[in-house]
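**Q** File work.cif follows (mmCIF, C-alpha atoms):
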```
data_run
#
loop_
_atom_site.label_atom_id
_atom_site.label_comp_id
_atom_site.auth_asym_id
_atom_site.auth_seq_id
_atom_site.Cartn_x
_atom_site.Cartn_y
_atom_site.Cartn_z
CA MET T 30 6.26 -21.47 -24.29
CA ALA T 31 5.21 -17.89 -24.77
CA LEU T 32 1.58 -16.92 -24.29
CA SER T 33 -0.23 -15.56 -27.33
CA ASP T 34 -1.61 -12.02 -27.17
CA ARG T 35 -5.15 -13.39 -27.01
CA SER T 36 -4.43 -15.79 -24.14
CA ARG T 37 -2.49 -13.12 -22.25
CA GLU T 38 -5.33 -10.64 -22.54
CA SER T 39 -7.76 -13.32 -21.30
CA LEU T 40 -5.98 -13.13 -17.94
CA LEU T 41 -7.18 -9.55 -17.48
CA PRO T 42 -10.57 -8.71 -15.92
CA SER T 43 -12.94 -8.36 -18.88
CA PHE T 44 -15.35 -6.03 -17.05
CA LEU T 45 -12.78 -3.26 -17.34
CA TYR T 46 -13.17 -2.96 -21.10
CA THR T 47 -15.98 -1.84 -23.39
CA SER T 48 -16.12 -1.36 -27.13
CA ALA T 49 -16.64 2.36 -26.56
CA ALA T 50 -13.50 2.77 -24.45
CA ARG T 51 -11.15 5.42 -25.75
CA SER T 52 -7.42 4.89 -26.23
CA PHE T 53 -4.98 6.46 -23.83
CA ALA T 54 -1.55 6.94 -25.37
CA THR T 55 1.13 5.86 -22.91
CA GLY T 56 4.09 6.06 -25.26
CA ALA T 57 5.52 2.98 -26.89
CA THR T 58 9.07 4.22 -27.33
CA ARG T 59 11.59 2.18 -25.37
CA PHE T 60 14.31 3.79 -23.24
CA PRO T 61 17.23 2.57 -25.40
CA SER T 62 20.11 3.40 -23.09
CA LEU T 63 18.57 1.49 -20.18
CA ALA T 64 16.87 -1.40 -21.98
CA PRO T 65 18.64 -4.75 -21.46
CA ALA T 66 20.49 -6.18 -24.45
CA PRO T 67 18.90 -9.32 -25.92
CA ALA T 68 20.63 -12.52 -24.92
CA PRO T 69 22.00 -14.60 -27.81
CA GLY T 70 19.74 -17.50 -28.66
CA ALA T 71 16.99 -16.32 -26.35
CA VAL T 72 13.49 -17.63 -26.93
CA GLY T 73 11.51 -15.44 -29.31
CA GLY T 74 14.60 -14.10 -31.08
CA GLY T 75 15.96 -12.33 -28.00
CA ALA T 76 13.10 -9.85 -27.76
CA PRO T 77 12.98 -8.09 -24.36
CA VAL T 78 10.30 -9.20 -21.95
CA SER T 79 7.56 -6.61 -21.58
CA ILE T 80 4.13 -6.41 -19.99
CA GLN T 81 1.52 -6.66 -22.72
CA ALA T 82 -1.33 -4.18 -22.50
CA PRO T 83 -4.69 -4.98 -24.10
CA SER T 84 -5.63 -3.40 -27.41
CA GLU T 85 -8.57 -1.56 -25.82
CA LYS T 86 -7.47 0.91 -23.15
CA ILE T 87 -9.39 2.15 -20.14
CA GLU T 88 -10.75 5.69 -20.25
CA MET T 89 -9.09 7.83 -17.59
CA TYR T 90 -11.30 8.71 -14.58
CA SER T 91 -14.12 6.46 -15.80
CA PRO T 92 -15.81 3.89 -13.51
CA ALA T 93 -13.60 1.25 -15.14
CA PHE T 94 -10.50 3.32 -14.25
CA TYR T 95 -11.46 3.45 -10.56
CA ALA T 96 -12.34 -0.27 -10.63
CA ALA T 97 -8.88 -1.03 -12.03
CA CYS T 98 -7.20 1.08 -9.34
CA THR T 99 -9.27 -0.68 -6.67
CA ALA T 100 -8.25 -4.11 -8.00
CA GLY T 101 -4.61 -3.01 -8.14
CA GLY T 102 -4.86 -1.86 -4.52
CA ILE T 103 -6.18 -5.26 -3.43
CA ALA T 104 -3.27 -7.04 -5.12
CA SER T 105 -0.61 -4.63 -3.86
CA CYS T 106 -1.61 -4.40 -0.18
CA GLY T 107 -3.03 -7.83 0.62
CA LEU T 108 -0.19 -9.88 -0.85
CA THR T 109 2.65 -7.71 0.45
CA HIS T 110 1.37 -7.51 4.02
CA MET T 111 0.81 -11.27 4.08
CA ALA T 112 4.37 -11.83 2.81
CA VAL T 113 5.90 -9.90 5.73
CA THR T 114 3.75 -11.60 8.40
CA PRO T 115 6.85 -13.02 10.20
CA LEU T 116 8.36 -9.54 10.53
CA ASP T 117 5.04 -8.11 11.67
CA LEU T 118 4.68 -10.89 14.23
CA VAL T 119 8.08 -10.16 15.79
CA LYS T 120 7.40 -6.39 15.73
CA CYS T 121 4.04 -6.74 17.49
CA ASN T 122 5.52 -8.94 20.22
CA MET T 123 8.43 -6.52 20.74
CA GLN T 124 5.87 -3.73 21.20
CA ILE T 125 3.66 -5.71 23.60
CA ASP T 126 6.34 -7.42 25.72
CA PRO T 127 9.65 -5.53 25.39
CA ALA T 128 11.10 -7.28 28.44
CA LYS T 129 10.83 -10.69 26.74
CA TYR T 130 11.39 -9.71 23.11
CA LYS T 131 14.44 -7.48 23.49
CA SER T 132 15.70 -7.47 19.91
CA ILE T 133 14.81 -8.61 16.41
CA THR T 134 17.11 -11.65 16.45
CA SER T 135 16.08 -12.77 19.94
CA GLY T 136 12.44 -12.25 18.98
CA PHE T 137 12.73 -14.62 16.03
CA GLY T 138 14.57 -17.13 18.23
CA ILE T 139 11.94 -17.06 20.98
CA LEU T 140 9.06 -17.47 18.54
CA LEU T 141 10.83 -20.32 16.73
CA LYS T 142 11.46 -22.12 20.01
CA GLU T 143 7.96 -21.61 21.42
CA GLN T 144 5.77 -21.90 18.31
CA GLY T 145 7.89 -23.58 15.66
CA PRO T 146 8.29 -22.49 12.00
CA ARG T 147 4.52 -22.46 11.41
CA GLY T 148 4.15 -19.89 14.16
CA PHE T 149 5.82 -17.25 12.02
CA PHE T 150 2.70 -17.04 9.85
CA ARG T 151 0.21 -16.90 12.71
CA GLY T 152 -2.51 -14.42 11.78
CA TRP T 153 -1.89 -14.48 8.03
CA VAL T 154 -5.59 -14.81 7.13
CA PRO T 155 -6.81 -11.62 8.89
CA THR T 156 -3.69 -9.92 7.53
CA LEU T 157 -4.50 -10.92 3.93
CA LEU T 158 -8.21 -10.11 4.11
CA GLY T 159 -7.86 -6.94 6.19
CA TYR T 160 -5.14 -5.34 4.12
CA SER T 161 -6.80 -6.40 0.85
CA ALA T 162 -9.91 -4.49 1.95
CA GLN T 163 -7.79 -1.58 3.08
CA GLY T 164 -5.83 -1.53 -0.18
CA ALA T 165 -8.99 -1.52 -2.25
CA CYS T 166 -10.27 1.57 -0.44
CA LYS T 167 -6.87 3.25 -0.09
CA PHE T 168 -5.88 3.24 -3.77
CA GLY T 169 -9.35 3.40 -5.29
CA PHE T 170 -10.53 6.33 -3.19
CA TYR T 171 -7.15 8.09 -3.46
CA GLU T 172 -7.50 8.27 -7.23
CA PHE T 173 -11.11 9.42 -6.82
CA PHE T 174 -10.37 12.13 -4.24
CA LYS T 175 -7.26 13.32 -6.10
CA LYS T 176 -9.38 13.95 -9.19
CA TYR T 177 -12.27 15.39 -7.12
CA TYR T 178 -10.10 17.91 -5.26
CA SER T 179 -8.24 18.81 -8.46
CA ASP T 180 -11.55 19.63 -10.15
CA ILE T 181 -12.59 21.80 -7.21
CA ALA T 182 -9.27 23.68 -7.29
CA GLY T 183 -9.22 24.11 -11.07
CA PRO T 184 -6.28 23.34 -13.41
CA GLU T 185 -4.08 26.28 -12.33
CA TYR T 186 -4.39 25.79 -8.56
CA ALA T 187 -4.39 22.00 -8.87
CA GLN T 188 -0.93 22.19 -10.42
CA LYS T 189 0.29 24.90 -8.03
CA TYR T 190 -0.91 23.13 -4.87
CA LYS T 191 -0.62 19.53 -6.07
CA THR T 192 1.13 18.38 -2.86
CA LEU T 193 -1.81 19.62 -0.77
CA ILE T 194 -4.14 17.72 -3.10
CA TYR T 195 -2.05 14.55 -2.65
CA LEU T 196 -2.23 15.00 1.14
CA ALA T 197 -5.98 15.71 1.22
CA GLY T 198 -6.83 12.91 -1.20
CA SER T 199 -4.79 10.30 0.65
CA ALA T 200 -6.12 11.34 4.09
CA SER T 201 -9.73 11.15 2.86
CA ALA T 202 -9.13 7.71 1.36
CA GLU T 203 -7.44 6.36 4.48
CA ILE T 204 -10.32 7.34 6.77
CA ILE T 205 -12.54 5.01 4.75
CA ALA T 206 -9.87 2.32 4.33
CA ASP T 207 -9.28 2.00 8.08
CA VAL T 208 -12.96 1.35 8.76
CA ALA T 209 -12.55 -1.73 6.55
CA LEU T 210 -9.24 -2.75 8.15
CA CYS T 211 -9.91 -2.22 11.87
CA PRO T 212 -11.84 -5.43 12.75
CA PHE T 213 -9.24 -7.62 11.01
CA GLU T 214 -6.37 -5.72 12.67
CA ALA T 215 -7.90 -6.23 16.12
CA VAL T 216 -8.17 -10.00 15.63
CA LYS T 217 -4.72 -10.20 14.02
CA VAL T 218 -2.94 -8.53 16.93
CA ARG T 219 -4.75 -10.70 19.48
CA VAL T 220 -3.92 -13.91 17.59
CA GLN T 221 -0.26 -12.94 17.11
CA THR T 222 0.48 -11.73 20.64
CA GLN T 223 -1.58 -14.14 22.76
CA PRO T 224 -0.63 -17.77 21.93
CA GLY T 225 -3.60 -20.03 22.57
CA PHE T 226 -6.18 -17.28 22.03
CA ALA T 227 -7.15 -18.63 18.61
CA ARG T 228 -5.66 -20.32 15.55
CA GLY T 229 -6.75 -17.59 13.15
CA LEU T 230 -9.64 -15.50 11.91
CA SER T 231 -12.34 -18.17 11.80
CA ASP T 232 -12.20 -18.92 15.53
CA GLY T 233 -10.55 -15.67 16.65
CA LEU T 234 -13.27 -13.31 15.38
CA PRO T 235 -16.23 -14.93 17.21
CA LYS T 236 -14.14 -15.35 20.36
CA PHE T 237 -13.14 -11.67 20.24
CA VAL T 238 -16.77 -10.59 19.77
CA ARG T 239 -17.96 -12.78 22.67
CA SER T 240 -15.28 -11.28 24.91
CA GLU T 241 -15.57 -7.58 24.03
CA GLY T 242 -18.66 -7.22 21.86
CA ALA T 243 -18.88 -6.17 18.22
CA LEU T 244 -17.92 -2.59 19.06
CA GLY T 245 -14.73 -3.92 20.65
CA LEU T 246 -13.48 -4.62 17.14
CA TYR T 247 -13.33 -0.85 16.64
CA LYS T 248 -11.68 -0.05 19.99
CA GLY T 249 -8.47 0.73 18.16
CA ILE T 250 -9.98 2.83 15.33
CA VAL T 251 -8.74 6.20 16.64
CA PRO T 252 -5.11 5.12 17.18
CA LEU T 253 -5.37 3.22 13.87
CA TRP T 254 -6.33 6.50 12.18
CA GLY T 255 -3.49 8.12 14.10
CA ARG T 256 -1.08 5.56 12.62
CA GLN T 257 -2.46 5.11 9.14
CA ILE T 258 -3.54 8.63 8.13
CA PRO T 259 -0.08 10.22 8.62
CA TYR T 260 1.45 7.07 7.10
CA THR T 261 -0.73 7.24 3.99
CA MET T 262 -0.37 11.00 3.57
CA MET T 263 3.40 10.55 3.64
CA LYS T 264 3.18 7.44 1.43
CA PHE T 265 1.31 9.11 -1.42
CA ALA T 266 2.59 12.70 -1.23
CA SER T 267 6.25 11.74 -0.85
CA PHE T 268 5.98 9.03 -3.53
CA GLU T 269 4.45 11.43 -6.05
CA THR T 270 7.09 14.06 -5.23
CA ILE T 271 10.05 11.64 -5.26
CA VAL T 272 9.03 10.08 -8.58
CA GLU T 273 8.54 13.50 -10.15
CA LEU T 274 12.00 14.60 -8.96
CA ILE T 275 13.60 11.40 -10.30
CA TYR T 276 12.12 11.90 -13.76
CA LYS T 277 12.91 15.62 -13.72
CA HIS T 278 16.51 15.49 -12.49
CA ALA T 279 17.88 11.94 -12.76
CA VAL T 280 16.39 10.56 -15.98
CA PRO T 281 17.77 12.15 -19.18
CA VAL T 282 14.68 11.58 -21.32
CA PRO T 283 10.92 12.19 -20.83
CA LYS T 284 8.94 9.56 -18.95
CA SER T 285 6.98 8.66 -22.09
CA GLU T 286 10.24 7.51 -23.73
CA CYS T 287 11.20 5.17 -20.88
CA SER T 288 10.37 1.49 -21.10
CA LYS T 289 7.59 0.20 -18.89
CA SER T 290 10.02 -2.02 -16.99
CA PHE T 291 12.20 1.02 -16.24
CA GLN T 292 9.15 3.01 -15.09
CA LEU T 293 8.21 0.16 -12.74
CA GLY T 294 11.75 0.23 -11.32
CA ILE T 295 11.29 3.94 -10.59
CA SER T 296 7.97 3.11 -8.89
CA PHE T 297 9.67 0.59 -6.59
CA ALA T 298 12.57 2.92 -5.75
CA GLY T 299 10.26 5.86 -5.06
CA GLY T 300 8.02 3.64 -2.96
CA TYR T 301 10.90 2.33 -0.86
CA ILE T 302 12.18 5.82 -0.06
CA ALA T 303 8.66 6.97 0.76
CA GLY T 304 8.21 3.93 3.01
CA VAL T 305 11.14 4.94 5.24
CA PHE T 306 9.49 8.30 5.89
CA CYS T 307 6.15 6.57 6.48
CA ALA T 308 7.57 4.26 9.14
CA VAL T 309 9.08 7.09 11.19
CA VAL T 310 5.96 9.28 11.05
CA SER T 311 3.47 6.59 12.02
CA HIS T 312 5.46 4.49 14.48
CA PRO T 313 4.22 5.91 17.84
CA ALA T 314 0.61 5.24 16.84
CA ASP T 315 1.59 1.75 15.65
CA ASN T 316 2.86 0.98 19.15
CA LEU T 317 -0.43 2.24 20.61
CA VAL T 318 -2.53 0.09 18.25
CA SER T 319 -0.61 -3.05 19.20
CA PHE T 320 -0.84 -2.29 22.93
CA LEU T 321 -4.56 -1.44 22.96
CA ASN T 322 -5.60 -4.45 20.86
CA ASN T 323 -3.57 -6.84 23.02
CA ALA T 324 -4.92 -5.92 26.48
CA LYS T 325 -8.60 -5.82 27.37
CA GLY T 326 -9.59 -2.45 28.82
CA ALA T 327 -6.16 -0.89 28.18
CA THR T 328 -5.91 2.87 27.64
CA VAL T 329 -3.45 5.21 25.95
CA GLY T 330 -2.22 6.24 29.41
CA ASP T 331 -1.44 2.61 30.24
CA ALA T 332 0.61 2.32 27.04
CA VAL T 333 2.60 5.48 27.78
CA LYS T 334 3.20 4.35 31.36
CA LYS T 335 4.49 0.92 30.35
CA LEU T 336 6.45 1.83 27.20
CA GLY T 337 7.41 5.40 28.03
CA LEU T 338 7.48 8.26 25.51
CA TRP T 339 10.87 7.20 24.17
CA GLY T 340 9.65 3.63 23.82
CA LEU T 341 6.57 4.77 21.89
CA PHE T 342 8.81 6.40 19.28
CA THR T 343 11.62 3.84 19.11
CA ARG T 344 10.44 0.38 20.25
CA GLY T 345 10.58 -1.84 17.14
CA LEU T 346 11.39 1.09 14.83
CA PRO T 347 14.45 -0.37 12.99
CA LEU T 348 12.51 -3.49 12.09
CA ARG T 349 9.51 -1.44 11.02
CA ILE T 350 11.68 0.76 8.77
CA VAL T 351 12.97 -2.33 6.96
CA MET T 352 9.49 -3.84 6.80
CA ILE T 353 7.61 -0.70 5.71
CA GLY T 354 10.30 0.38 3.24
CA THR T 355 10.22 -2.98 1.47
CA LEU T 356 6.45 -3.19 1.80
CA THR T 357 5.77 0.26 0.35
CA GLY T 358 8.22 -0.21 -2.51
CA ALA T 359 6.64 -3.55 -3.40
CA GLN T 360 3.13 -2.10 -3.14
CA TRP T 361 3.86 0.70 -5.59
CA GLY T 362 5.61 -1.75 -7.91
CA ILE T 363 2.68 -4.18 -7.92
CA TYR T 364 0.09 -1.41 -8.17
CA ASP T 365 1.76 0.22 -11.16
CA ALA T 366 2.45 -3.17 -12.79
CA PHE T 367 -1.27 -3.90 -12.59
CA LYS T 368 -2.06 -0.49 -14.08
CA VAL T 369 0.34 -1.12 -16.96
CA MET T 370 -1.16 -4.56 -17.49
CA VAL T 371 -4.65 -3.12 -17.97
CA GLY T 372 -3.42 -0.30 -20.21
CA LEU T 373 -2.99 2.60 -17.76
CA PRO T 374 0.10 4.78 -17.21
CA THR T 375 2.24 4.37 -14.11
CA THR T 376 1.69 6.73 -11.17
CA GLY T 377 3.66 9.94 -10.78
CA GLY T 378 6.17 11.75 -12.93
CA VAL T 379 6.03 15.08 -14.69
CA THR T 380 2.42 14.92 -15.80
CA PRO T 381 -0.36 17.48 -16.32
CA ALA T 382 -3.09 18.03 -13.74
CA PRO T 383 -6.07 15.61 -14.03
CA GLY T 384 -8.24 18.26 -15.72
CA ALA T 385 -5.61 18.88 -18.36
CA ALA T 386 -5.08 15.16 -18.89
CA GLU T 387 -8.78 14.76 -19.65
CA LYS T 388 -8.64 17.55 -22.25
CA ALA T 389 -5.62 15.93 -23.90
CA LEU T 390 -7.44 12.60 -23.94
CA GLN T 391 -10.51 14.15 -25.59
CA ALA T 392 -8.34 15.93 -28.18
CA SER T 393 -6.67 12.67 -29.19
CA ALA T 394 -9.96 10.75 -29.44
#
```
Will you turn the file into structure tokens for me?
**A**
Amino acid sequence: MALSDRSRESLLPSFLYTSAARSFATGATRFPSLAPAPAPGAVGGGAPVSIQAPSEKIEMYSPAFYAACTAGGIASCGLTHMAVTPLDLVKCNMQIDPAKYKSITSGFGILLKEQGPRGFFRGWVPTLLGYSAQGACKFGFYEFFKKYYSDIAGPEYAQKYKTLIYLAGSASAEIIADVALCPFEAVKVRVQTQPGFARGLSDGLPKFVRSEGALGLYKGIVPLWGRQIPYTMMKFASFETIVELIYKHAVPVPKSECSKSFQLGISFAGGYIAGVFCAVVSHPADNLVSFLNNAKGATVGDAVKKLGLWGLFTRGLPLRIVMIGTLTGAQWGIYDAFKVMVGLPTTGGVTPAPGAAEKALQASA
């Protein structure tokens, strides 16, 4: 039974809307050549399924806009990272003990034999909470810093040097996001790579603090920055660039004439391609984070000595490419789906600079 418009809108966070909110035209024209044909006898007369946006739209770059982006970041990062916990578990163990976990398939087999099926989701709670906090800061502050740096540069230079703005905005956001993630990441790695250390976050966090002190939770912050900042810079800058190129060269009509479902497909595809680049760029630091959080008192030199330089760059890389590619594609898909649901346009494409978008919004009000 189909939801009514009123009941569907009631699922959206009401704090995002005010009676004074201005409309933001996102283009209602469908992309006819790519829209699926209605199935005969389908419920509702064969009308295509679409995401319903509320009648009141969020004003761009308003506090409600940044709140919506923050909420979308929570949904996109927390859920996707939790879903790939089994892959992350095998990857971490391959990084920590390469002599025992020699390949992806043998890693899954060893974990299944030693810990059973439930063991594949060991550490899912710190994963969910940590990456939800990180996603909130990553996406929310990225949108804030992108607008902030664009305003500093001015409309002409913001358009000319937009890639530098993407890089600066994402790096600034990730510095903050990793401060939120680091304690959860430290407990997660310890729980996943040391069976018997703890069942999860509730007993693992106090045990970790008793062993290494509260500051020990941030022992891996520098290598975490080393992993996540290049990753996020590549994630956002390459995604924005890839999506713009797709709309400019591969799609025969303007973005505003494409259906929302088609735009979300572009978001997933652009995110997956960006994720492959992200995995390669950030992998050496990912190995360091896993090694340092697993062994008390371990140093970067210890990691290099045990894994070797080649091992730092390659150990667990194929699995991480699959994991991060899927993860990043899903994150952009979920994030943009949430934005569409609350009445915002999808990310990327051939769009004006933020300053120009505001002027267009004011002119249409």
**Q** Given all atoms listed in the file as the basis, pick out the residue of T:Gly362, T:Gly372, T:Gly152, T:Pro127 nearest to Ser231 in chain T.
**A**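 Distance minimum relative to Ser231 in chain T lands on T:Gly152.
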**Q** Write out as JSON lines the residues of range 138-196 of chain T that have any atom within 8 Å of an atom of range 101-104 of chain T, one row each with the nearest atom pair and its distance in Å to one decimal, counting all atoms listed in the file, sorted by chain and then rising number.
**A**
```
{"residue": "T:Tyr160", "atom": "CA", "partner": "T:Ile103", "partner_atom": "CA", "distance": 7.6}
{"residue": "T:Ser161", "atom": "CA", "partner": "T:Ile103", "partner_atom": "CA", "distance": 4.5}
{"residue": "T:Ala162", "atom": "CA", "partner": "T:Ile103", "partner_atom": "CA", "distance": 6.6}
{"residue": "T:Gln163", "atom": "CA", "partner": "T:Ile103", "partner_atom": "CA", "distance": 7.6}
{"residue": "T:Gly164", "atom": "CA", "partner": "T:Gly102", "partner_atom": "CA", "distance": 4.5}
{"residue": "T:Ala165", "atom": "CA", "partner": "T:Gly102", "partner_atom": "CA", "distance": 4.7}
{"residue": "T:Cys166", "atom": "CA", "partner": "T:Gly102", "partner_atom": "CA", "distance": 7.6}
{"residue": "T:Lys167", "atom": "CA", "partner": "T:Gly102", "partner_atom": "CA", "distance": 7.1}
{"residue": "T:Phe168", "atom": "CA", "partner": "T:Gly102", "partner_atom": "CA", "distance": 5.3}
{"residue": "T:Gly169", "atom": "CA", "partner": "T:Gly102", "partner_atom": "CA", "distance": 7.0}
```
**Q** Report the distance between CA of Tyr301 in chain T and CA of Gly354 in chain T in Å, rounded to one decimal place.
**A** 4.6 Å
**Q** Do you know which residues the PyMOL selection byres ((chain T and resi 337-351) around 8) returns on this file, as a PDB file with C-alpha atoms, keeping the file's coordinate frame?
**A**
```
ATOM      1  CA  LEU T 116       8.360  -9.540  10.530  1.00  0.00           C
ATOM      2  CA  LYS T 120       7.400  -6.390  15.730  1.00  0.00           C
ATOM      3  CA  MET T 123       8.430  -6.520  20.740  1.00  0.00           C
ATOM      4  CA  GLN T 124       5.870  -3.730  21.200  1.00  0.00           C
ATOM      5  CA  PRO T 127       9.650  -5.530  25.390  1.00  0.00           C
ATOM      6  CA  ILE T 133      14.810  -8.610  16.410  1.00  0.00           C
ATOM      7  CA  GLY T 304       8.210   3.930   3.010  1.00  0.00           C
ATOM      8  CA  VAL T 305      11.140   4.940   5.240  1.00  0.00           C
ATOM      9  CA  ALA T 308       7.570   4.260   9.140  1.00  0.00           C
ATOM     10  CA  VAL T 309       9.080   7.090  11.190  1.00  0.00           C
ATOM     11  CA  HIS T 312       5.460   4.490  14.480  1.00  0.00           C
ATOM     12  CA  PRO T 313       4.220   5.910  17.840  1.00  0.00           C
ATOM     13  CA  ALA T 314       0.610   5.240  16.840  1.00  0.00           C
ATOM     14  CA  ASN T 316       2.860   0.980  19.150  1.00  0.00           C
ATOM     15  CA  LEU T 317      -0.430   2.240  20.610  1.00  0.00           C
ATOM     16  CA  ALA T 332       0.610   2.320  27.040  1.00  0.00           C
ATOM     17  CA  VAL T 333       2.600   5.480  27.780  1.00  0.00           C
ATOM     18  CA  LYS T 334       3.200   4.350  31.360  1.00  0.00           C
ATOM     19  CA  LYS T 335       4.490   0.920  30.350  1.00  0.00           C
ATOM     20  CA  LEU T 336       6.450   1.830  27.200  1.00  0.00           C
ATOM     21  CA  MET T 352       9.490  -3.840   6.800  1.00  0.00           C
ATOM     22  CA  ILE T 353       7.610  -0.700   5.710  1.00  0.00           C
ATOM     23  CA  GLY T 354      10.300   0.380   3.240  1.00  0.00           C
ATOM     24  CA  THR T 355      10.220  -2.980   1.470  1.00  0.00           C
TER      25      THR T 355
END
```
**Q** Hey, can you check how far CA of Leu210 in chain T sits from CA of Val251 in chain T?
**A**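 These atoms are spaced 12.3 Å apart.
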**Q** Which distance in Å separates CA of Phe367 in chain T and CA of Gly294 in chain T, to one decimal?
**A**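 One can read the CA of Phe367 in chain T to CA of Gly294 in chain T distance as 13.7 Å.
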**Q** For Ser267 in chain T, which residue among T:Gly198, T:Gly148, T:Pro184, T:Gly299 is the nearest when counting all atoms listed in the file?
**A**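 Of all the options, T:Gly299 lies closest to Ser267 in chain T.
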**Q** Using only C-alpha atoms, which residues sit within 7 Å of Tyr195 in chain T once same-chain residues fewer than 4 positions away are excluded, as a list in words?
**A**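 Skipping anything fewer than 4 positions along the chain leaves Lys175, Lys191, Ser199, Phe265 and Ala266 of chain T.
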**Q** For the provided coordinates, the residues matched by the PyMOL selection byres ((chain T and resi 109) around 10) should be stated as a ChimeraX atom specification.
**A** /T:103-108,110-114,156-157,160-161,355-360,363
**Q** May I ask which of the residues T:Pro252, T:Gln188, T:Glu172, T:Lys284 is the closest one to Pro92 in chain T, counting all atoms listed in the file?
**A**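 Looking only at the distances to Pro92 in chain T, the closest residue turns out to be T:Glu172.
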**Q** Compile the contact shell of Gly378 in chain T as a VMD selection string: residues with an atom at most 8 Å away, counting all atoms listed in the file, same-chain residues fewer than 6 positions apart removed.
**A** chain T and resid 269 272 to 277 284
**Q** Name the residues that the PyMOL selection byres ((chain T and resi 224) around 12) picks from the file above, as a CSV table (one decimal) with C-alpha atoms, in the frame of the given file, using the file's chain letters and numbers.
**A**
```csv
chain,number,residue,atom,x,y,z
T,118,LEU,CA,4.7,-10.9,14.2
T,122,ASN,CA,5.5,-8.9,20.2
T,140,LEU,CA,9.1,-17.5,18.5
T,143,GLU,CA,8.0,-21.6,21.4
T,144,GLN,CA,5.8,-21.9,18.3
T,148,GLY,CA,4.2,-19.9,14.2
T,149,PHE,CA,5.8,-17.2,12.0
T,151,ARG,CA,0.2,-16.9,12.7
T,152,GLY,CA,-2.5,-14.4,11.8
T,217,LYS,CA,-4.7,-10.2,14.0
T,218,VAL,CA,-2.9,-8.5,16.9
T,219,ARG,CA,-4.8,-10.7,19.5
T,220,VAL,CA,-3.9,-13.9,17.6
T,221,GLN,CA,-0.3,-12.9,17.1
T,222,THR,CA,0.5,-11.7,20.6
T,223,GLN,CA,-1.6,-14.1,22.8
T,225,GLY,CA,-3.6,-20.0,22.6
T,226,PHE,CA,-6.2,-17.3,22.0
T,227,ALA,CA,-7.2,-18.6,18.6
T,228,ARG,CA,-5.7,-20.3,15.6
T,229,GLY,CA,-6.8,-17.6,13.2
T,233,GLY,CA,-10.6,-15.7,16.6
T,323,ASN,CA,-3.6,-6.8,23.0
```
**Q** Find, counting only C-alpha atoms, the residue in T:Ser240, T:Thr134, T:Thr261, T:Ser285 that gets nearest to Ser201 in chain T.
**A**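 Under the stated criterion, the closest residue is T:Thr261.
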**Q** Taking only C-alpha atoms into account, name the residue in T:Pro115, T:Phe320, T:Lys131, T:Leu234 that is nearest to Gly145 in chain T.
**A** T:Pro115
**Q** Which residue out of T:Leu373, T:Ala197, T:Ala303, T:Val329 has the minimum interatomic distance to Lys86 in chain T when all atoms listed in the file are used?
**A** T:Leu373
**Q** Could I get range 312-323 of chain T from the block written out with N, CA and C atoms, as a compact mmCIF listing (two decimals), in the first residue's frame?
**A**
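The resulting out.txt:
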```
# COMPACT_ATOMS: atom_id res chain seq x y z
N HIS T 312 46.33 3.62 1.52
CA HIS T 312 46.57 2.28 2.06
C HIS T 312 47.79 2.16 2.97
N PRO T 313 48.95 2.76 2.65
CA PRO T 313 50.09 2.62 3.57
C PRO T 313 49.76 3.11 4.98
N ALA T 314 49.08 4.23 5.09
CA ALA T 314 48.72 4.74 6.41
C ALA T 314 47.69 3.84 7.09
N ASP T 315 46.83 3.18 6.31
CA ASP T 315 45.86 2.26 6.90
C ASP T 315 46.58 1.08 7.55
N ASN T 316 47.63 0.57 6.90
CA ASN T 316 48.43 -0.48 7.52
C ASN T 316 49.07 -0.02 8.82
N LEU T 317 49.57 1.22 8.84
CA LEU T 317 50.19 1.76 10.05
C LEU T 317 49.18 1.88 11.19
N VAL T 318 47.98 2.38 10.89
CA VAL T 318 46.94 2.53 11.92
C VAL T 318 46.62 1.18 12.55
N SER T 319 46.43 0.16 11.73
CA SER T 319 46.11 -1.17 12.25
C SER T 319 47.24 -1.71 13.11
N PHE T 320 48.48 -1.52 12.67
CA PHE T 320 49.63 -2.05 13.41
C PHE T 320 49.80 -1.34 14.75
N LEU T 321 49.72 -0.01 14.76
CA LEU T 321 49.95 0.76 15.98
C LEU T 321 48.85 0.53 17.01
N ASN T 322 47.60 0.39 16.57
CA ASN T 322 46.50 0.19 17.51
C ASN T 322 46.45 -1.23 18.04
N ASN T 323 47.12 -2.16 17.38
CA ASN T 323 47.10 -3.55 17.82
C ASN T 323 48.14 -3.82 18.90
```
